[in-house]
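For reference, my_file21.cif is printed below; it contains mmCIF, C-alpha atoms, pLDDT in the B column; chains and numbers go by the auth columns.
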```cif
data_model
#
loop_
_atom_site.group_PDB
_atom_site.id
_atom_site.type_symbol
_atom_site.label_atom_id
_atom_site.label_comp_id
_atom_site.label_asym_id
_atom_site.label_seq_id
_atom_site.Cartn_x
_atom_site.Cartn_y
_atom_site.Cartn_z
_atom_site.B_iso_or_equiv
_atom_site.auth_seq_id
_atom_site.auth_asym_id
ATOM 1 C CA MET A 1 0.000 0.000 0.000 50.00 1 P
ATOM 2 C CA LEU A 2 2.821 2.398 0.896 48.00 2 P
ATOM 3 C CA LYS A 3 4.574 1.654 -2.417 52.00 3 P
ATOM 4 C CA MET A 4 1.392 2.420 -4.388 49.00 4 P
ATOM 5 C CA THR A 5 0.886 5.725 -2.558 47.00 5 P
ATOM 6 C CA ALA A 6 4.504 6.713 -3.135 48.00 6 P
ATOM 7 C CA ALA A 7 4.256 5.777 -6.827 49.00 7 P
ATOM 8 C CA ALA A 8 1.062 7.822 -7.239 48.00 8 P
ATOM 9 C CA LEU A 9 2.653 10.843 -5.565 46.00 9 P
ATOM 10 C CA LEU A 10 5.757 10.535 -7.740 46.00 10 P
ATOM 11 C CA ALA A 11 3.676 10.255 -10.930 50.00 11 P
ATOM 12 C CA GLY A 12 1.586 13.269 -9.917 48.00 12 P
ATOM 13 C CA SER A 13 4.627 15.388 -9.139 48.00 13 P
ATOM 14 C CA LEU A 14 6.130 14.580 -12.546 46.00 14 P
ATOM 15 C CA ALA A 15 2.900 15.551 -14.338 46.00 15 P
ATOM 16 C CA LEU A 16 2.455 18.925 -12.593 42.00 16 P
ATOM 17 C CA PRO A 17 5.284 20.761 -14.404 44.00 17 P
ATOM 18 C CA ALA A 18 3.858 19.632 -17.744 45.00 18 P
ATOM 19 C CA LEU A 19 0.408 20.917 -16.790 43.00 19 P
ATOM 20 C CA ALA A 20 1.817 24.262 -15.672 45.00 20 P
ATOM 21 C CA GLN A 21 3.531 24.950 -19.008 45.00 21 P
ATOM 22 C CA THR A 22 1.827 27.280 -21.417 42.00 22 P
ATOM 23 C CA SER A 23 1.997 27.142 -25.167 40.00 23 P
ATOM 24 C CA THR A 24 3.423 29.989 -27.208 41.00 24 P
ATOM 25 C CA SER A 25 1.598 28.772 -30.300 36.00 25 P
ATOM 26 C CA PRO A 26 -0.769 31.445 -31.696 36.00 26 P
ATOM 27 C CA ALA A 27 -3.417 28.764 -32.253 37.00 27 P
ATOM 28 C CA LEU A 28 -3.446 28.022 -28.533 34.00 28 P
ATOM 29 C CA ASN A 29 -3.152 31.595 -27.328 34.00 29 P
ATOM 30 C CA HIS A 30 -5.760 32.270 -24.665 34.00 30 P
ATOM 31 C CA GLY A 31 -5.590 36.052 -24.769 35.00 31 P
ATOM 32 C CA PRO A 32 -8.647 38.318 -24.495 36.00 32 P
ATOM 33 C CA SER A 33 -9.962 37.484 -27.954 36.00 33 P
ATOM 34 C CA ALA A 34 -9.725 33.742 -27.375 36.00 34 P
ATOM 35 C CA THR A 35 -11.495 33.826 -24.027 35.00 35 P
ATOM 36 C CA GLY A 36 -14.342 36.031 -25.140 38.00 36 P
ATOM 37 C CA ALA A 37 -13.293 38.940 -22.932 39.00 37 P
ATOM 38 C CA PRO A 38 -14.542 42.229 -24.296 42.00 38 P
ATOM 39 C CA ALA A 39 -12.201 44.307 -26.348 42.00 39 P
ATOM 40 C CA THR A 40 -11.656 47.646 -24.666 44.00 40 P
ATOM 41 C CA GLY A 41 -9.894 49.536 -27.421 43.00 41 P
ATOM 42 C CA SER A 42 -6.516 49.452 -29.018 42.00 42 P
ATOM 43 C CA VAL A 43 -3.470 51.483 -28.088 46.00 43 P
ATOM 44 C CA ALA A 44 -3.038 54.417 -30.416 46.00 44 P
ATOM 45 C CA THR A 45 0.080 54.392 -32.534 51.00 45 P
ATOM 46 C CA PRO A 46 0.981 56.580 -35.490 56.00 46 P
ATOM 47 C CA GLY A 47 0.395 53.640 -37.886 60.00 47 P
ATOM 48 C CA ASN A 48 -3.272 53.132 -36.895 61.00 48 P
ATOM 49 C CA THR A 49 -4.907 53.939 -40.203 71.00 49 P
ATOM 50 C CA THR A 50 -7.676 51.363 -40.677 72.00 50 P
ATOM 51 C CA PRO A 51 -10.829 51.049 -38.565 67.00 51 P
ATOM 52 C CA SER A 52 -9.669 47.684 -37.183 70.00 52 P
ATOM 53 C CA ASP A 53 -6.362 49.288 -36.112 70.00 53 P
ATOM 54 C CA ARG A 54 -8.238 52.009 -34.237 68.00 54 P
ATOM 55 C CA ASN A 55 -10.956 49.852 -32.660 70.00 55 P
ATOM 56 C CA PRO A 56 -10.935 46.018 -32.424 72.00 56 P
ATOM 57 C CA VAL A 57 -14.737 45.958 -32.786 74.00 57 P
ATOM 58 C CA MET A 58 -14.421 47.300 -36.340 73.00 58 P
ATOM 59 C CA THR A 59 -13.420 45.519 -39.524 79.00 59 P
ATOM 60 C CA ASP A 60 -11.323 47.262 -42.151 81.00 60 P
ATOM 61 C CA ASP A 61 -14.426 47.993 -44.245 81.00 61 P
ATOM 62 C CA GLY A 62 -16.087 49.749 -41.271 76.00 62 P
ATOM 63 C CA SER A 63 -18.405 46.879 -40.288 82.00 63 P
ATOM 64 C CA MET A 64 -18.675 45.720 -36.670 81.00 64 P
ATOM 65 C CA ARG A 65 -17.943 42.308 -35.140 82.00 65 P
ATOM 66 C CA ALA A 66 -20.793 41.184 -32.863 85.00 66 P
ATOM 67 C CA SER A 67 -18.512 38.804 -30.964 85.00 67 P
ATOM 68 C CA LYS A 68 -16.375 41.776 -29.872 84.00 68 P
ATOM 69 C CA ILE A 69 -19.329 44.001 -28.913 88.00 69 P
ATOM 70 C CA VAL A 70 -20.798 41.731 -26.228 91.00 70 P
ATOM 71 C CA GLY A 71 -19.451 42.741 -22.832 88.00 71 P
ATOM 72 C CA PHE A 72 -18.699 46.361 -23.699 88.00 72 P
ATOM 73 C CA SER A 73 -19.770 48.975 -21.175 90.00 73 P
ATOM 74 C CA VAL A 74 -22.323 51.517 -22.405 93.00 74 P
ATOM 75 C CA TYR A 75 -22.039 55.180 -21.440 92.00 75 P
ATOM 76 C CA ASN A 76 -24.310 58.154 -21.943 91.00 76 P
ATOM 77 C CA ASP A 77 -23.205 61.486 -23.377 87.00 77 P
ATOM 78 C CA LYS A 78 -22.445 62.691 -19.824 90.00 78 P
ATOM 79 C CA ASP A 79 -19.748 59.973 -19.560 88.00 79 P
ATOM 80 C CA GLU A 80 -21.810 57.998 -16.992 92.00 80 P
ATOM 81 C CA LYS A 81 -21.778 54.219 -17.248 93.00 81 P
ATOM 82 C CA ILE A 82 -25.389 53.153 -17.761 94.00 82 P
ATOM 83 C CA GLY A 83 -25.020 49.424 -18.466 94.00 83 P
ATOM 84 C CA SER A 84 -23.231 46.839 -20.568 93.00 84 P
ATOM 85 C CA ILE A 85 -24.053 44.899 -23.706 94.00 85 P
ATOM 86 C CA ASP A 86 -25.246 41.413 -22.800 93.00 86 P
ATOM 87 C CA ASP A 87 -26.225 40.267 -26.287 94.00 87 P
ATOM 88 C CA ILE A 88 -27.162 41.248 -29.825 95.00 88 P
ATOM 89 C CA VAL A 89 -30.588 40.004 -30.965 95.00 89 P
ATOM 90 C CA ILE A 90 -31.764 39.781 -34.574 94.00 90 P
ATOM 91 C CA SER A 91 -35.554 40.058 -34.677 92.00 91 P
ATOM 92 C CA LYS A 92 -37.854 38.174 -37.036 94.00 92 P
ATOM 93 C CA ASP A 93 -37.971 41.217 -39.324 95.00 93 P
ATOM 94 C CA LYS A 94 -34.126 41.266 -39.383 95.00 94 P
ATOM 95 C CA THR A 95 -33.683 44.401 -37.266 95.00 95 P
ATOM 96 C CA LEU A 96 -30.871 44.457 -34.736 95.00 96 P
ATOM 97 C CA ASN A 97 -31.416 45.099 -31.050 96.00 97 P
ATOM 98 C CA ALA A 98 -28.981 45.156 -28.174 96.00 98 P
ATOM 99 C CA VAL A 99 -29.817 43.585 -24.841 96.00 99 P
ATOM 100 C CA LEU A 100 -28.303 45.735 -22.102 96.00 100 P
ATOM 101 C CA SER A 101 -27.592 44.640 -18.566 94.00 101 P
ATOM 102 C CA VAL A 102 -28.363 47.483 -16.161 94.00 102 P
ATOM 103 C CA GLY A 103 -27.399 47.643 -12.490 87.00 103 P
ATOM 104 C CA GLY A 104 -26.624 44.606 -10.409 78.00 104 P
ATOM 105 C CA PHE A 105 -23.309 43.514 -9.012 75.00 105 P
ATOM 106 C CA LEU A 106 -21.037 41.011 -10.770 70.00 106 P
ATOM 107 C CA GLY A 107 -23.899 39.954 -13.012 63.00 107 P
ATOM 108 C CA MET A 108 -26.325 39.282 -10.169 75.00 108 P
ATOM 109 C CA GLY A 109 -29.470 41.338 -9.765 83.00 109 P
ATOM 110 C CA ALA A 110 -29.037 43.070 -13.105 89.00 110 P
ATOM 111 C CA LYS A 111 -32.032 44.063 -15.179 93.00 111 P
ATOM 112 C CA MET A 112 -32.071 43.205 -18.888 94.00 112 P
ATOM 113 C CA VAL A 113 -33.593 45.674 -21.355 96.00 113 P
ATOM 114 C CA GLU A 114 -33.736 45.695 -25.144 96.00 114 P
ATOM 115 C CA VAL A 115 -32.800 48.796 -27.133 97.00 115 P
ATOM 116 C CA PRO A 116 -32.545 49.412 -30.882 96.00 116 P
ATOM 117 C CA PHE A 117 -28.988 48.764 -32.002 94.00 117 P
ATOM 118 C CA ASP A 118 -28.925 51.953 -34.055 94.00 118 P
ATOM 119 C CA LYS A 119 -29.239 53.999 -30.832 95.00 119 P
ATOM 120 C CA LEU A 120 -25.688 52.923 -29.899 93.00 120 P
ATOM 121 C CA GLN A 121 -22.661 54.832 -31.159 89.00 121 P
ATOM 122 C CA PHE A 122 -19.288 53.121 -31.504 82.00 122 P
ATOM 123 C CA GLY A 123 -15.969 54.966 -31.345 73.00 123 P
ATOM 124 C CA ASN A 124 -13.691 54.720 -34.339 58.00 124 P
ATOM 125 C CA THR A 125 -10.808 56.969 -33.423 53.00 125 P
ATOM 126 C CA ASN A 126 -7.089 56.793 -32.762 53.00 126 P
ATOM 127 C CA HIS A 127 -7.633 57.425 -29.042 53.00 127 P
ATOM 128 C CA SER A 128 -8.367 54.219 -27.140 53.00 128 P
ATOM 129 C CA GLY A 129 -10.468 56.129 -24.576 54.00 129 P
ATOM 130 C CA ASP A 130 -12.862 57.086 -27.378 59.00 130 P
ATOM 131 C CA ASN A 131 -13.389 53.457 -28.414 67.00 131 P
ATOM 132 C CA ARG A 132 -16.438 53.039 -26.250 79.00 132 P
ATOM 133 C CA VAL A 133 -20.131 52.528 -26.772 87.00 133 P
ATOM 134 C CA VAL A 134 -22.267 55.609 -26.173 90.00 134 P
ATOM 135 C CA MET A 135 -26.045 55.888 -25.994 93.00 135 P
ATOM 136 C CA PRO A 136 -26.700 59.636 -26.117 92.00 136 P
ATOM 137 C CA GLY A 137 -29.567 61.043 -24.080 93.00 137 P
ATOM 138 C CA MET A 138 -30.019 57.891 -22.001 95.00 138 P
ATOM 139 C CA SER A 139 -29.678 57.470 -18.241 94.00 139 P
ATOM 140 C CA LYS A 140 -29.495 54.458 -15.986 93.00 140 P
ATOM 141 C CA ASP A 141 -32.839 55.481 -14.454 93.00 141 P
ATOM 142 C CA ALA A 142 -34.485 55.593 -17.895 95.00 142 P
ATOM 143 C CA LEU A 143 -33.148 52.118 -18.705 95.00 143 P
ATOM 144 C CA ASN A 144 -34.387 50.815 -15.346 93.00 144 P
ATOM 145 C CA GLY A 145 -37.832 52.198 -16.213 94.00 145 P
ATOM 146 C CA MET A 146 -38.001 50.119 -19.409 95.00 146 P
ATOM 147 C CA PRO A 147 -39.772 46.730 -19.512 95.00 147 P
ATOM 148 C CA ASP A 148 -37.685 43.702 -18.536 94.00 148 P
ATOM 149 C CA TYR A 149 -36.319 41.720 -21.449 94.00 149 P
ATOM 150 C CA HIS A 150 -36.451 37.923 -21.195 92.00 150 P
ATOM 151 C CA TYR A 151 -34.780 35.516 -23.611 89.00 151 P
ATOM 152 C CA THR A 152 -37.636 33.071 -23.118 87.00 152 P
ATOM 153 C CA ASN A 153 -41.381 33.569 -22.677 77.00 153 P
ATOM 154 C CA ARG A 154 -42.360 33.727 -19.029 67.00 154 P
ATOM 155 C CA GLY A 155 -45.944 32.614 -19.764 59.00 155 P
#
```

Translate the structure described by the file into structure tokens.
Amino acid sequence: MLKMTAAALLAGSLALPALAQTSTSPALNHGPSATGAPATGSVATPGNTTPSDRNPVMTDDGSMRASKIVGFSVYNDKDEKIGSIDDIVISKDKTLNAVLSVGGFLGMGAKMVEVPFDKLQFGNTNHSGDNRVVMPGMSKDALNGMPDYHYTNRG
């Protein structure tokens, strides 16, 4: 029994260094884009000439990547954080809406509301602080006053 325990401990201790190693392969890179963390803006450099250089949400033709939008904080024109983007919903008539998470703490107790996607403005500048989502004229109180959005029917 003692030999088996010692052998198991030895095998485990040999495997731990292998588990702790990280790959430098780009295909296995688990940086922010691989983990689904929201992009918060790129660092401005003199060579940033295309939309995707200036803002990781943008493509070079000026389109937006939905996978990079989810998780972004939403601010009003008074620079107050009013929520964050929880999801992008395509309605039956093919219009885009954003589901915003308002209030709560660490995702708990937050209220979900749906707003027209075209009410959101996305930065496309060389200054990373400007690469944020803005919903002009909106306040957190106004969002809290909107009907709750549910992904499923609540009967």

For the atom pair CA of Ala66 in chain P and CA of Ile88 in chain P, what is the interatomic distance in Å to one decimal place?
->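 A separation of 7.1 Å between them.
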
Residues matched by the PyMOL selection byres ((chain P and resi 90) around 12), written as a PyMOL selection string | chain P and resi 66+87-89+91-99+114-117

Measuring atom to atom with all atoms listed in the file, identify which of P:Asp61, P:Asp148, P:Asp86, P:Asp79 is nearest to Lys111 in chain P.
->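 Of P:Asp61, P:Asp148, P:Asp86, P:Asp79, the one nearest Lys111 in chain P, counting all atoms listed in the file, is P:Asp148.
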
Distance criterion (all atoms listed in the file): nearest to Lys68 in chain P out of P:Arg132, P:His150, P:Lys81, P:Lys119 =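 Closest to Lys68 in chain P of all the choices is P:Arg132.
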
Point-to-point distance in Å for CA of Val134 in chain P and CA of Ser52 in chain P |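 Answer for the CA of Ser52 in chain P to CA of Val134 in chain P separation: 18.5 Å.
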
For Met138 in chain P, which of P:Asn76, P:Asn153, P:Thr50, P:Thr59 is the closest residue, counting all atoms listed in the file?
->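 Selected residue with least distance to Met138 in chain P: P:Asn76.
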
Can you list what the PyMOL selection byres ((chain P and resi 65) around 12) grabs from this structure, as a list in words?
->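 Against this file, the PyMOL selection byres ((chain P and resi 65) around 12) returns the residues Ser33, Pro38, Ala39, Pro51, Ser52, Asn55, Pro56, Val57, Met58, Thr59, Asp60, Asp61, Gly62, Ser63, Met64, Ala66, Ser67, Lys68, Ile69, Val70, Ile88 and Phe122 of chain P.
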
Smallest atom-to-atom distance to Tyr75 in chain P: which of P:Met108, P:Met146, P:Val113, P:Met135, using all atoms listed in the file?
->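 Going through P:Met108, P:Met146, P:Val113, P:Met135 one by one, the smallest distance to Tyr75 in chain P is for P:Met135.
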
Would you please work out which residue, of P:Val74, P:Ile85, P:Gly109, P:Val102, is nearest to Ala142 in chain P when using all atoms listed in the file?
->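 Ranking P:Val74, P:Ile85, P:Gly109, P:Val102 by distance to Ala142 in chain P, first place goes to P:Val102.
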
Could you work out how far CA of Thr152 in chain P lies from CA of Val133 in chain P, giving the answer in Å with one decimal?
-> 26.4 Å
